[in-house]
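Participant: This one is entry-v6.txt, compact mmCIF, C-alpha atoms and all ligand atoms.
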# COMPACT_ATOMS: atom_id res chain seq x y z
CA MET A 817 -164.19 -42.68 -48.85
CA SER A 818 -163.83 -45.10 -46.00
CA ASP A 819 -161.03 -44.41 -43.55
CA ARG A 820 -160.10 -48.09 -43.40
CA PHE A 821 -156.74 -49.11 -44.79
CA THR A 822 -156.43 -52.73 -45.81
CA PRO A 823 -152.93 -53.45 -47.06
CA VAL A 824 -152.91 -54.97 -50.54
CA SER A 825 -150.53 -57.63 -49.21
CA GLN A 826 -153.44 -59.01 -47.18
CA LEU A 827 -155.13 -60.19 -50.38
CA GLY A 828 -152.06 -60.98 -52.43
CA GLU A 829 -151.82 -60.41 -56.18
CA PHE A 830 -154.36 -63.04 -57.18
CA GLY A 831 -156.84 -62.22 -54.41
CA LEU A 832 -156.64 -58.60 -55.53
CA ILE A 833 -157.31 -59.53 -59.18
CA ASP A 834 -160.41 -61.53 -58.12
CA ARG A 835 -161.63 -58.56 -56.14
CA MET A 836 -161.08 -56.13 -59.04
CA ARG A 837 -162.94 -58.48 -61.35
CA ASP A 838 -165.94 -58.46 -59.02
CA ARG A 839 -165.71 -54.70 -58.77
CA LEU A 840 -165.89 -54.34 -62.56
CA GLY A 841 -169.29 -56.06 -62.52
CA GLU A 842 -170.58 -58.29 -65.31
CA ASN A 843 -167.58 -60.16 -66.60
CA ALA A 844 -168.73 -63.48 -67.97
CA PRO A 845 -167.79 -64.17 -71.59
CA ALA A 846 -170.80 -63.33 -73.76
CA GLY A 847 -171.46 -62.65 -77.43
CA ASP A 848 -168.18 -62.03 -79.23
CA LEU A 849 -166.24 -61.97 -75.98
CA LEU A 850 -164.89 -65.49 -75.51
CA CYS A 851 -162.63 -65.04 -72.46
CA THR A 852 -162.14 -62.22 -69.97
CA ILE A 853 -160.06 -61.71 -66.81
CA GLY A 854 -158.45 -64.87 -65.50
CA ASP A 855 -156.55 -66.33 -68.45
CA ASP A 856 -153.23 -65.45 -70.06
CA ALA A 857 -155.06 -63.15 -72.45
CA ALA A 858 -158.58 -61.96 -73.16
CA VAL A 859 -160.16 -63.42 -76.32
CA TYR A 860 -162.77 -61.92 -78.63
CA ARG A 861 -164.24 -63.09 -81.91
CA VAL A 862 -163.40 -61.05 -84.99
CA SER A 863 -165.00 -63.30 -87.62
CA GLU A 864 -166.87 -66.59 -87.88
CA THR A 865 -163.66 -68.57 -87.44
CA THR A 866 -161.05 -66.18 -86.06
CA ALA A 867 -160.44 -64.56 -82.67
CA HIS A 868 -158.03 -61.96 -81.40
CA VAL A 869 -156.30 -62.18 -78.04
CA VAL A 870 -154.98 -59.23 -76.03
CA THR A 871 -152.63 -59.18 -73.07
CA ALA A 872 -150.50 -56.67 -71.10
CA ASP A 873 -147.43 -57.11 -68.93
CA ALA A 874 -145.23 -54.53 -67.23
CA LEU A 875 -141.55 -54.50 -66.28
CA ILE A 876 -140.79 -52.07 -63.45
CA GLU A 877 -137.32 -51.07 -62.28
CA GLY A 878 -136.66 -52.28 -58.75
CA VAL A 879 -139.48 -54.84 -59.01
CA HIS A 880 -138.78 -56.85 -62.17
CA PHE A 881 -135.26 -55.76 -62.96
CA GLU A 882 -132.26 -53.86 -61.65
CA ARG A 883 -130.52 -51.49 -64.02
CA THR A 884 -127.14 -52.63 -62.76
CA PHE A 885 -127.53 -56.06 -64.26
CA MET A 886 -130.11 -55.59 -66.99
CA PRO A 887 -128.66 -54.05 -70.17
CA TRP A 888 -131.23 -51.82 -71.87
CA GLY A 889 -131.30 -53.86 -75.05
CA TYR A 890 -132.10 -57.02 -73.12
CA LEU A 891 -134.83 -55.20 -71.26
CA GLY A 892 -136.49 -54.28 -74.54
CA ARG A 893 -136.31 -57.87 -75.80
CA LYS A 894 -137.69 -59.21 -72.55
CA ALA A 895 -140.61 -56.76 -72.53
CA VAL A 896 -141.67 -58.16 -75.90
CA ALA A 897 -140.97 -61.81 -75.06
CA VAL A 898 -143.01 -61.91 -71.83
CA ASN A 899 -146.07 -60.60 -73.65
CA VAL A 900 -145.64 -62.88 -76.66
CA SER A 901 -145.38 -65.71 -74.13
CA ASP A 902 -148.90 -64.96 -72.88
CA VAL A 903 -150.14 -64.99 -76.47
CA ALA A 904 -148.36 -68.33 -77.01
CA ALA A 905 -150.15 -69.67 -73.93
CA MET A 906 -153.42 -69.08 -75.80
CA ASN A 907 -151.99 -71.06 -78.76
CA ALA A 908 -152.20 -67.85 -80.78
CA GLN A 909 -149.88 -65.83 -83.02
CA ALA A 910 -148.79 -62.37 -81.84
CA LEU A 911 -149.38 -59.51 -84.30
CA TYR A 912 -148.96 -56.01 -82.88
CA ALA A 913 -147.62 -54.34 -79.76
CA VAL A 914 -148.05 -50.94 -78.11
CA ILE A 915 -145.85 -49.73 -75.28
CA THR A 916 -146.16 -47.29 -72.40
CA MET A 917 -142.78 -46.05 -71.24
CA GLY A 918 -142.30 -44.22 -67.94
CA LEU A 919 -138.90 -42.48 -67.85
CA PRO A 920 -137.08 -41.25 -64.76
CA ARG A 921 -134.79 -38.22 -65.06
CA ASN A 922 -131.62 -40.28 -64.87
CA VAL A 923 -132.23 -42.06 -68.19
CA SER A 924 -130.39 -40.77 -71.26
CA VAL A 925 -131.34 -40.71 -74.92
CA GLU A 926 -128.63 -43.30 -75.55
CA MET A 927 -130.25 -45.65 -73.02
CA VAL A 928 -133.62 -45.24 -74.71
CA ASP A 929 -131.91 -45.91 -78.08
CA ALA A 930 -130.54 -49.18 -76.70
CA LEU A 931 -133.94 -50.07 -75.24
CA TYR A 932 -135.59 -49.51 -78.61
CA ASP A 933 -132.96 -51.56 -80.42
CA GLY A 934 -133.94 -54.36 -78.04
CA LEU A 935 -137.64 -53.81 -78.58
CA ARG A 936 -137.07 -53.92 -82.31
CA ALA A 937 -135.00 -57.10 -82.06
CA GLY A 938 -137.75 -58.69 -79.93
CA CYS A 939 -140.42 -57.68 -82.43
CA GLU A 940 -138.36 -59.05 -85.33
CA ALA A 941 -137.72 -62.31 -83.49
CA TYR A 942 -141.47 -62.92 -83.13
CA GLY A 943 -142.58 -61.34 -86.40
CA ILE A 944 -144.61 -58.56 -84.79
CA ARG A 945 -144.72 -54.75 -85.13
CA LEU A 946 -144.62 -52.11 -82.43
CA VAL A 947 -147.28 -49.66 -83.59
CA GLY A 948 -147.70 -47.11 -80.81
CA GLY A 949 -147.69 -46.30 -77.14
CA ASP A 950 -147.33 -43.54 -74.61
CA THR A 951 -144.37 -41.74 -73.01
CA THR A 952 -144.38 -40.15 -69.60
CA ALA A 953 -142.13 -39.18 -66.69
CA ALA A 954 -141.98 -41.72 -63.87
CA PRO A 955 -140.11 -42.27 -60.60
CA GLN A 956 -138.65 -45.55 -61.89
CA MET A 957 -138.10 -46.96 -65.34
CA THR A 958 -141.45 -48.46 -66.27
CA LEU A 959 -142.40 -50.44 -69.33
CA SER A 960 -145.86 -51.76 -70.01
CA VAL A 961 -146.38 -53.62 -73.24
CA THR A 962 -149.70 -54.69 -74.71
CA VAL A 963 -149.78 -57.30 -77.44
CA VAL A 964 -152.62 -58.32 -79.72
CA GLY A 965 -152.59 -61.73 -81.39
CA GLU A 966 -154.74 -63.91 -83.55
CA ALA A 967 -155.79 -67.55 -83.85
CA PRO A 968 -158.47 -69.73 -85.36
CA ILE A 969 -161.16 -69.99 -82.67
CA ASP A 970 -160.96 -73.78 -82.63
CA ARG A 971 -157.19 -73.66 -81.92
CA ILE A 972 -157.32 -71.38 -78.88
CA THR A 973 -156.28 -72.97 -75.58
CA TYR A 974 -157.61 -71.71 -72.27
CA ARG A 975 -156.58 -72.47 -68.72
CA ARG A 976 -159.95 -74.09 -68.18
CA GLY A 977 -159.84 -77.18 -70.45
CA ALA A 978 -157.88 -79.76 -68.39
CA ARG A 979 -159.67 -82.97 -67.38
CA PRO A 980 -158.84 -85.69 -64.85
CA GLY A 981 -156.59 -88.22 -66.56
CA ASP A 982 -154.84 -85.62 -68.75
CA LEU A 983 -151.06 -85.56 -68.65
CA LEU A 984 -149.49 -82.56 -66.96
CA CYS A 985 -146.64 -81.44 -69.23
CA VAL A 986 -144.06 -78.69 -69.45
CA THR A 987 -141.82 -77.57 -72.32
CA GLY A 988 -138.06 -77.11 -71.98
CA ASP A 989 -136.65 -76.92 -68.46
CA VAL A 990 -137.64 -74.95 -65.37
CA GLY A 991 -135.89 -73.13 -62.54
CA ALA A 992 -133.17 -71.72 -64.80
CA ALA A 993 -134.30 -68.08 -64.75
CA TYR A 994 -134.44 -68.18 -60.96
CA ALA A 995 -130.95 -69.71 -60.83
CA GLY A 996 -129.75 -66.91 -63.12
CA LEU A 997 -131.30 -64.32 -60.84
CA GLN A 998 -129.54 -65.78 -57.81
CA VAL A 999 -126.20 -65.58 -59.62
CA LEU A 1000 -126.81 -61.99 -60.72
CA ILE A 1001 -127.84 -60.87 -57.24
CA GLU A 1002 -124.71 -62.41 -55.78
CA GLN A 1003 -122.51 -60.84 -58.45
CA GLN A 1004 -124.02 -57.48 -57.69
CA ARG A 1005 -123.33 -57.92 -54.00
CA ALA A 1006 -119.73 -58.99 -54.63
CA MET A 1007 -119.21 -56.06 -56.96
CA ARG A 1008 -120.42 -53.64 -54.29
CA GLU A 1009 -118.22 -55.19 -51.64
CA LEU A 1010 -115.03 -55.69 -53.64
CA GLY A 1011 -115.23 -52.84 -56.13
CA ASP A 1012 -112.41 -52.87 -58.71
CA ALA A 1013 -110.80 -55.89 -57.11
CA TYR A 1014 -113.71 -58.02 -58.27
CA GLU A 1015 -113.04 -60.18 -61.30
CA PRO A 1016 -116.16 -62.15 -62.06
CA ASP A 1017 -116.09 -65.45 -63.91
CA LEU A 1018 -119.61 -65.91 -65.13
CA SER A 1019 -118.82 -68.54 -67.75
CA PRO A 1020 -120.22 -71.48 -65.71
CA TYR A 1021 -123.52 -69.59 -65.46
CA ARG A 1022 -123.96 -68.42 -69.02
CA ARG A 1023 -127.13 -70.38 -69.70
CA VAL A 1024 -129.01 -69.52 -66.53
CA ILE A 1025 -128.09 -65.83 -66.77
CA ALA A 1026 -129.34 -65.78 -70.36
CA ARG A 1027 -132.59 -67.39 -69.21
CA GLN A 1028 -133.06 -64.57 -66.70
CA LEU A 1029 -132.03 -61.68 -68.95
CA THR A 1030 -133.19 -62.82 -72.39
CA PRO A 1031 -136.05 -65.29 -71.95
CA ALA A 1032 -137.70 -66.61 -75.10
CA ALA A 1033 -141.41 -67.16 -75.68
CA ARG A 1034 -142.12 -70.70 -76.92
CA THR A 1035 -143.62 -69.70 -80.24
CA ASP A 1036 -141.64 -72.59 -81.73
CA VAL A 1037 -143.76 -75.02 -79.69
CA VAL A 1038 -147.00 -73.34 -80.74
CA ALA A 1039 -145.94 -73.65 -84.39
CA ASP A 1040 -145.08 -77.30 -83.87
CA TRP A 1041 -148.46 -78.05 -82.28
CA ALA A 1042 -150.11 -76.52 -85.35
CA ARG A 1043 -147.98 -78.59 -87.74
CA ARG A 1044 -148.87 -81.77 -85.88
CA ALA A 1045 -152.53 -80.75 -85.50
CA VAL A 1046 -152.35 -81.27 -81.76
CA ARG A 1047 -154.20 -78.93 -79.46
CA PRO A 1048 -153.48 -79.28 -75.74
CA ARG A 1049 -156.59 -79.13 -73.57
CA ALA A 1050 -155.29 -76.31 -71.38
CA VAL A 1051 -152.18 -74.12 -71.46
CA ILE A 1052 -150.56 -71.48 -69.25
CA ASP A 1053 -147.10 -69.95 -69.46
CA VAL A 1054 -144.72 -70.27 -66.53
CA SER A 1055 -144.23 -66.70 -65.34
CA ASP A 1056 -144.78 -67.17 -61.60
CA GLY A 1057 -143.36 -70.69 -61.18
CA VAL A 1058 -144.63 -74.19 -61.96
CA ALA A 1059 -146.42 -74.66 -58.61
CA SER A 1060 -148.37 -71.45 -58.95
CA GLU A 1061 -149.28 -72.20 -62.59
CA VAL A 1062 -150.45 -75.74 -61.75
CA HIS A 1063 -152.79 -74.14 -59.23
CA HIS A 1064 -154.12 -71.74 -61.88
CA LEU A 1065 -154.78 -74.58 -64.36
CA CYS A 1066 -156.45 -76.69 -61.68
CA ARG A 1067 -158.59 -73.85 -60.41
CA ALA A 1068 -159.74 -72.84 -63.89
CA SER A 1069 -160.36 -76.47 -64.91
CA ALA A 1070 -161.90 -77.62 -61.59
CA CYS A 1071 -159.32 -80.42 -61.35
CA GLY A 1072 -156.72 -81.67 -58.92
CA ALA A 1073 -153.23 -82.69 -59.96
CA VAL A 1074 -150.26 -84.74 -58.93
CA VAL A 1075 -146.77 -83.42 -59.71
CA HIS A 1076 -143.81 -85.82 -59.61
CA ALA A 1077 -140.82 -83.92 -58.25
CA ALA A 1078 -138.38 -86.40 -59.78
CA ALA A 1079 -139.78 -85.70 -63.25
CA LEU A 1080 -139.22 -81.93 -63.20
CA PRO A 1081 -136.90 -81.04 -66.11
CA VAL A 1082 -133.88 -79.14 -64.81
CA ASP A 1083 -130.80 -77.98 -66.72
CA PRO A 1084 -127.49 -79.20 -65.25
CA GLU A 1085 -126.40 -75.58 -64.82
CA THR A 1086 -129.52 -74.86 -62.75
CA ARG A 1087 -128.77 -77.91 -60.62
CA ALA A 1088 -125.18 -76.73 -60.14
CA VAL A 1089 -126.33 -73.30 -58.96
CA ALA A 1090 -128.73 -74.91 -56.45
CA ASP A 1091 -126.09 -77.39 -55.27
CA GLU A 1092 -123.45 -74.69 -54.76
CA ARG A 1093 -125.86 -72.85 -52.50
CA MET A 1094 -126.91 -76.06 -50.77
CA GLU A 1095 -130.47 -75.48 -51.87
CA ASP A 1096 -132.98 -77.96 -53.23
CA VAL A 1097 -133.17 -77.71 -57.01
CA ASP A 1098 -136.83 -78.82 -56.87
CA THR A 1099 -137.54 -75.56 -55.05
CA PHE A 1100 -136.01 -73.65 -57.97
CA ALA A 1101 -138.03 -75.71 -60.44
CA LEU A 1102 -141.36 -75.42 -58.61
CA PHE A 1103 -141.25 -71.94 -57.16
CA GLY A 1104 -138.74 -69.99 -59.27
CA GLY A 1105 -140.44 -67.72 -61.76
CA GLU A 1106 -139.89 -66.31 -65.23
CA ASP A 1107 -139.12 -69.49 -67.12
CA TYR A 1108 -141.68 -68.62 -69.84
CA GLU A 1109 -142.04 -72.28 -70.71
CA LEU A 1110 -145.53 -73.61 -71.46
CA LEU A 1111 -147.29 -75.80 -68.90
CA PHE A 1112 -150.13 -77.78 -70.44
CA ALA A 1113 -152.73 -80.50 -70.14
CA LEU A 1114 -152.49 -83.16 -72.83
CA ASP A 1115 -154.95 -85.88 -73.75
CA PRO A 1116 -152.85 -89.05 -73.26
CA ALA A 1117 -154.01 -90.18 -76.72
CA ASP A 1118 -152.11 -87.19 -78.20
CA ALA A 1119 -148.82 -87.83 -76.40
CA ASP A 1120 -147.27 -89.87 -79.21
CA ARG A 1121 -148.03 -87.15 -81.75
CA LEU A 1122 -145.73 -84.58 -80.12
CA ALA A 1123 -141.95 -84.34 -80.41
CA PRO A 1124 -140.69 -86.16 -77.30
CA ARG A 1125 -137.76 -83.83 -76.77
CA GLN A 1126 -139.94 -80.76 -76.69
CA PHE A 1127 -141.78 -81.52 -73.47
CA THR A 1128 -141.72 -83.53 -70.25
CA VAL A 1129 -144.63 -85.22 -68.51
CA ILE A 1130 -144.35 -84.07 -64.90
CA GLY A 1131 -147.60 -85.47 -63.57
CA ALA A 1132 -151.29 -85.84 -64.25
CA PHE A 1133 -154.59 -84.10 -63.62
CA THR A 1134 -156.92 -85.72 -61.12
CA GLY A 1135 -160.34 -85.06 -59.63
CA MET A 1136 -160.74 -81.80 -57.78
CA ASP A 1137 -161.32 -83.53 -54.45
CA GLU A 1138 -157.89 -85.16 -54.70
CA GLY A 1139 -156.24 -81.76 -54.31
CA ILE A 1140 -152.91 -80.64 -55.72
CA VAL A 1141 -150.20 -82.97 -54.59
CA LEU A 1142 -146.43 -83.10 -54.87
CA GLN A 1143 -145.05 -86.64 -55.04
CA THR A 1144 -141.52 -86.57 -53.62
CA PRO A 1145 -138.72 -88.88 -54.80
CA GLU A 1146 -138.94 -90.55 -51.36
CA GLY A 1147 -142.54 -91.48 -52.09
CA ASP A 1148 -144.27 -88.94 -49.86
CA ALA A 1149 -147.32 -87.10 -51.11
CA LEU A 1150 -147.37 -83.49 -49.87
CA PRO A 1151 -149.82 -80.71 -50.61
CA LEU A 1152 -148.21 -78.50 -53.28
CA GLU A 1153 -148.20 -74.92 -52.09
CA ALA A 1154 -149.24 -72.28 -54.62
CA ALA A 1155 -146.35 -70.07 -53.55
CA GLY A 1156 -144.42 -68.61 -56.40
CA PHE A 1157 -143.19 -65.40 -57.79
CA SER A 1158 -146.24 -63.50 -56.61
CA HIS A 1159 -146.14 -59.74 -56.15
CA PHE A 1160 -147.17 -58.21 -52.81
CA GLU A 1161 -146.68 -61.46 -50.91
CA THR A 1162 -142.92 -61.74 -50.84
CA ASP A 1163 -140.31 -59.07 -50.34
CA SER A 1164 -138.12 -60.41 -53.12
CA ASP A 1165 -139.28 -60.27 -56.69
P1 LIG B 1201 -150.04 -63.56 -66.51
O1 LIG B 1201 -149.09 -64.02 -65.43
O2 LIG B 1201 -150.40 -64.61 -67.48
O3 LIG B 1201 -149.60 -62.27 -67.16
P2 LIG B 1201 -151.57 -62.35 -64.48
O4 LIG B 1201 -151.38 -63.21 -63.30
O5 LIG B 1201 -150.78 -61.10 -64.62
O6 LIG B 1201 -151.41 -63.23 -65.78
O7 LIG B 1201 -153.09 -61.97 -64.59
C1 LIG B 1201 -154.10 -62.93 -64.46
C2 LIG B 1201 -155.38 -62.40 -65.09
O8 LIG B 1201 -155.81 -61.22 -64.41
C3 LIG B 1201 -155.23 -62.00 -66.55
O9 LIG B 1201 -156.41 -62.39 -67.21
C4 LIG B 1201 -155.11 -60.49 -66.50
O10 LIG B 1201 -155.62 -59.90 -67.68
C5 LIG B 1201 -155.96 -60.13 -65.31
N1 LIG B 1201 -155.51 -58.93 -64.60
C6 LIG B 1201 -154.31 -58.73 -63.99
N2 LIG B 1201 -154.26 -57.53 -63.39
C7 LIG B 1201 -155.46 -56.93 -63.62
C8 LIG B 1201 -156.04 -55.68 -63.24
N3 LIG B 1201 -155.36 -54.79 -62.52
N4 LIG B 1201 -157.32 -55.43 -63.64
C9 LIG B 1201 -157.98 -56.32 -64.37
N5 LIG B 1201 -157.50 -57.51 -64.76
C10 LIG B 1201 -156.26 -57.83 -64.38
MG MG B 1202 -149.32 -66.01 -68.41
Could you take the file, read its structure, and then write that structure out as structure tokens?
Ligand code: ADP
Ligand code: MG

Facilitator:
Amino acid sequence: MSDRFTPVSQLGEFGLIDRMRDRLGENAPAGDLLCTIGDDAAVYRVSETTAHVVTADALIEGVHFERTFMPWGYLGRKAVAVNVSDVAAMNAQALYAVITMGLPRNVSVEMVDALYDGLRAGCEAYGIRLVGGDTTAAPQMTLSVTVVGEAPIDRITYRRGARPGDLLCVTGDVGAAYAGLQVLIEQQRAMRELGDAYEPDLSPYRRVIARQLTPAARTDVVADWARRAVRPRAVIDVSDGVASEVHHLCRASACGAVVHAAALPVDPETRAVADERMEDVDTFALFGGEDYELLFALDPADADRLAPRQFTVIGAFTGMDEGIVLQTPEGDALPLEAAGFSHFETDSD
């Protein structure tokens, strides 16, 4: 053992993952293994025409959620949804889940009941089954879910398929989950300060709070792509924020990109939350995490074949040497920072 101590924050989450990948040794896809570390899920062939995908995501108390504003049932639903979202990003269909649950002493049977009602509701919503797991004591409530999914090999979408000239697209709207988180954090603070005197009116924030607490995986979009026989060239789900995900697509595809700030789809409620705090809603849209929308590269020739209301073109892929650029409404072209909802690099999560 070396006596050096390099803080993990020095590498950041993604630098650390690169390092771990190198440490594991041979990791290139080979034989039946079609995709390893570095995409939304690993992919392996199970027959001539079919592959399975496998992905894991954890929700940790104090990091991903606070008990005070996350009802247990919602937590269960979210644990399923965030994993199904990674399967959706591979253009695949989720099948089975297993869960590891770390329980602190201050959790009751009734809380676990509520959690499992939520897990069940999440599984039913996406047509999957929870088929096993592991239970252990833990210092904080810890959930790690693994989901296996399936797709025809020729339908699978990787992060690596974008080409210069492709449209950069996103489903739904972005920044809402971050707006919801801001509202919840402020409510929590007000509740602490005012105690019983506090009478919250959360009705103007219903949508953004729901986006934070009960996000939905866009399996509806994946089904629609199949119906229309359209396969985007590259897909990632928006867990860490649009800016960070654009960087991942560009890096994997060896492309650059231009993002038009004015084109970012934002819900009016998200805009209201940003305005009330005198913050820039583009910052919410670009750097807020946990939207679980799909960000994808589309051959322009396919654009007319998709439902126009299901996605927004927010930019285009370019050559790698053109970099990753944010076009502001004022006409400036700025380098788009990769900053997002990355663990170990920020003190808020
Ligand atoms: P996502 O946001 O889609 O869940 P992550 O950013 O968590 O993806 O992970 C990126 C890639 O790194 C994925 O392919 C994931 O499987 C892999 N990965 C993440 N953490 C580890 C780890 N500790 N060891 C090995 N691979 C990891
Ligand atoms: Mg993902």

Participant: Using all atoms listed in the file for the distances, tell me which of A:Asp1053, A:Glu926, A:Asp1098, A:Asp970 is nearest to ligand MG 1202 (chain B).

Facilitator: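 Under the stated criterion, the closest residue is A:Asp1053.
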
Participant: What does the structure give for the distance between atom CA of Val1075 of chain A and atom CA of Ala1154 of chain A, in Å to one decimal?

Facilitator: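 Here the two named atoms are 12.5 Å from each other.
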
Participant: Determine, for each residue of segment 999-1038 of chain A having at least one atom at most 10 Å from an atom of segment 929-946 of chain A, the closest pair of atoms and their separation in Å to one decimal, counting all atoms listed in the file; order by chain and ascending number, as JSON lines.

Facilitator:
{"residue": "A:Thr1030", "atom": "CA", "partner": "A:Gly938", "partner_atom": "CA", "distance": 9.7}
{"residue": "A:Ala1032", "atom": "CA", "partner": "A:Gly938", "partner_atom": "CA", "distance": 9.3}
{"residue": "A:Ala1033", "atom": "CA", "partner": "A:Tyr942", "partner_atom": "CA", "distance": 8.6}
{"residue": "A:Arg1034", "atom": "CA", "partner": "A:Tyr942", "partner_atom": "CA", "distance": 10.0}
{"residue": "A:Thr1035", "atom": "CA", "partner": "A:Tyr942", "partner_atom": "CA", "distance": 7.7}
{"residue": "A:Asp1036", "atom": "CA", "partner": "A:Tyr942", "partner_atom": "CA", "distance": 9.8}

Participant: Within 7 Å of ligand LIG 1201 (chain B), which residues of chain A come that close, and what is the closest atom pair and distance in Å for each? Count only C-alpha atoms and all ligand atoms and give it as JSON lines.

Facilitator:
{"residue": "A:Phe830", "atom": "CA", "partner": "B:LIG1201", "partner_atom": "O4", "distance": 6.8}
{"residue": "A:Ile833", "atom": "CA", "partner": "B:LIG1201", "partner_atom": "C7", "distance": 5.5}
{"residue": "A:Met836", "atom": "CA", "partner": "B:LIG1201", "partner_atom": "N4", "distance": 6.0}
{"residue": "A:Arg837", "atom": "CA", "partner": "B:LIG1201", "partner_atom": "C9", "distance": 6.2}
{"residue": "A:Thr852", "atom": "CA", "partner": "B:LIG1201", "partner_atom": "O9", "distance": 6.4}
{"residue": "A:Ile853", "atom": "CA", "partner": "B:LIG1201", "partner_atom": "O9", "distance": 3.7}
{"residue": "A:Gly854", "atom": "CA", "partner": "B:LIG1201", "partner_atom": "O9", "distance": 3.6}
{"residue": "A:Asp855", "atom": "CA", "partner": "B:LIG1201", "partner_atom": "O9", "distance": 4.1}
{"residue": "A:Asp856", "atom": "CA", "partner": "B:LIG1201", "partner_atom": "O2", "distance": 3.9}
{"residue": "A:Ala857", "atom": "CA", "partner": "B:LIG1201", "partner_atom": "O9", "distance": 5.5}
{"residue": "A:Ala858", "atom": "CA", "partner": "B:LIG1201", "partner_atom": "O9", "distance": 6.3}
{"residue": "A:Thr871", "atom": "CA", "partner": "B:LIG1201", "partner_atom": "O10", "distance": 6.2}
{"residue": "A:Ala872", "atom": "CA", "partner": "B:LIG1201", "partner_atom": "O3", "distance": 6.9}
{"residue": "A:Asp873", "atom": "CA", "partner": "B:LIG1201", "partner_atom": "O3", "distance": 5.9}
{"residue": "A:Asp902", "atom": "CA", "partner": "B:LIG1201", "partner_atom": "O2", "distance": 5.6}
{"residue": "A:Asp1053", "atom": "CA", "partner": "B:LIG1201", "partner_atom": "O2", "distance": 6.6}
{"residue": "A:Ser1055", "atom": "CA", "partner": "B:LIG1201", "partner_atom": "O1", "distance": 5.6}
{"residue": "A:Asp1056", "atom": "CA", "partner": "B:LIG1201", "partner_atom": "O1", "distance": 6.6}

Participant: Give me, as a count of residues only, all polymer residues having an atom no more than 6 Å from segment 959-967 of chain A, counting all atoms listed in the file and skipping those fewer than 4 positions away in the same chain.

Facilitator: 20

Participant: Output, as lines of an AutoDock Vina configuration file, the centre and edge lengths in Å (one decimal) of the axis-aligned box that contains all listed atoms of segment 837-842 of chain A with 3 Å of margin on each side.

Facilitator:
center_x = -166.8
center_y = -56.4
center_z = -62.0
size_x = 13.6
size_y = 10.1
size_z = 12.5

Participant: For a quick check of understanding, using only C-alpha atoms, which of A:Pro1081, A:Pro1031, A:Pro1124, A:Gly1135 has the smallest distance to Pro980 of chain A?

Facilitator: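 Nearest to Pro980 of chain A: A:Gly1135.
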
Participant: Quick one: pull the distance between atom CA of Val879 of chain A and atom CA of Pro1016 of chain A, Å, one decimal.

Facilitator: 24.6 Å

Participant: Where atoms are absent from segment 834-846 of chain A, fill them in so it carries N, CA and C atoms, then output it as a PDB file, in the coordinates of the input.

Facilitator:
ATOM      1  N   ASP A 834    -159.027 -61.044 -58.275  1.00  0.00           N
ATOM      2  CA  ASP A 834    -160.410 -61.530 -58.120  1.00  0.00           C
ATOM      3  C   ASP A 834    -161.321 -60.405 -57.651  1.00  0.00           C
ATOM      4  N   ARG A 835    -160.821 -59.637 -56.707  1.00  0.00           N
ATOM      5  CA  ARG A 835    -161.630 -58.560 -56.140  1.00  0.00           C
ATOM      6  C   ARG A 835    -161.907 -57.481 -57.202  1.00  0.00           C
ATOM      7  N   MET A 836    -160.894 -57.144 -57.992  1.00  0.00           N
ATOM      8  CA  MET A 836    -161.080 -56.130 -59.040  1.00  0.00           C
ATOM      9  C   MET A 836    -162.071 -56.620 -60.092  1.00  0.00           C
ATOM     10  N   ARG A 837    -162.012 -57.913 -60.369  1.00  0.00           N
ATOM     11  CA  ARG A 837    -162.940 -58.480 -61.350  1.00  0.00           C
ATOM     12  C   ARG A 837    -164.378 -58.324 -60.859  1.00  0.00           C
ATOM     13  N   ASP A 838    -164.598 -58.619 -59.581  1.00  0.00           N
ATOM     14  CA  ASP A 838    -165.940 -58.460 -59.020  1.00  0.00           C
ATOM     15  C   ASP A 838    -166.372 -56.999 -59.081  1.00  0.00           C
ATOM     16  N   ARG A 839    -165.434 -56.130 -58.819  1.00  0.00           N
ATOM     17  CA  ARG A 839    -165.710 -54.700 -58.770  1.00  0.00           C
ATOM     18  C   ARG A 839    -166.139 -54.165 -60.141  1.00  0.00           C
ATOM     19  N   LEU A 840    -165.568 -54.784 -61.201  1.00  0.00           N
ATOM     20  CA  LEU A 840    -165.890 -54.340 -62.560  1.00  0.00           C
ATOM     21  C   LEU A 840    -167.306 -54.750 -62.962  1.00  0.00           C
ATOM     22  N   GLY A 841    -167.925 -55.651 -62.198  1.00  0.00           N
ATOM     23  CA  GLY A 841    -169.290 -56.060 -62.520  1.00  0.00           C
ATOM     24  C   GLY A 841    -169.311 -57.192 -63.520  1.00  0.00           C
ATOM     25  N   GLU A 842    -170.338 -57.193 -64.360  1.00  0.00           N
ATOM     26  CA  GLU A 842    -170.580 -58.290 -65.310  1.00  0.00           C
ATOM     27  C   GLU A 842    -169.309 -58.619 -66.084  1.00  0.00           C
ATOM     28  N   ASN A 843    -168.839 -59.832 -65.949  1.00  0.00           N
ATOM     29  CA  ASN A 843    -167.580 -60.160 -66.600  1.00  0.00           C
ATOM     30  C   ASN A 843    -167.563 -61.517 -67.268  1.00  0.00           C
ATOM     31  N   ALA A 844    -168.710 -62.163 -67.324  1.00  0.00           N
ATOM     32  CA  ALA A 844    -168.730 -63.480 -67.970  1.00  0.00           C
ATOM     33  C   ALA A 844    -168.558 -63.298 -69.472  1.00  0.00           C
ATOM     34  N   PRO A 845    -167.868 -64.238 -70.129  1.00  0.00           N
ATOM     35  CA  PRO A 845    -167.790 -64.170 -71.590  1.00  0.00           C
ATOM     36  C   PRO A 845    -169.211 -64.207 -72.168  1.00  0.00           C
ATOM     37  N   ALA A 846    -169.473 -63.368 -73.138  1.00  0.00           N
ATOM     38  CA  ALA A 846    -170.800 -63.330 -73.760  1.00  0.00           C
ATOM     39  C   ALA A 846    -170.658 -62.731 -75.146  1.00  0.00           C
TER      40      ALA A 846
END
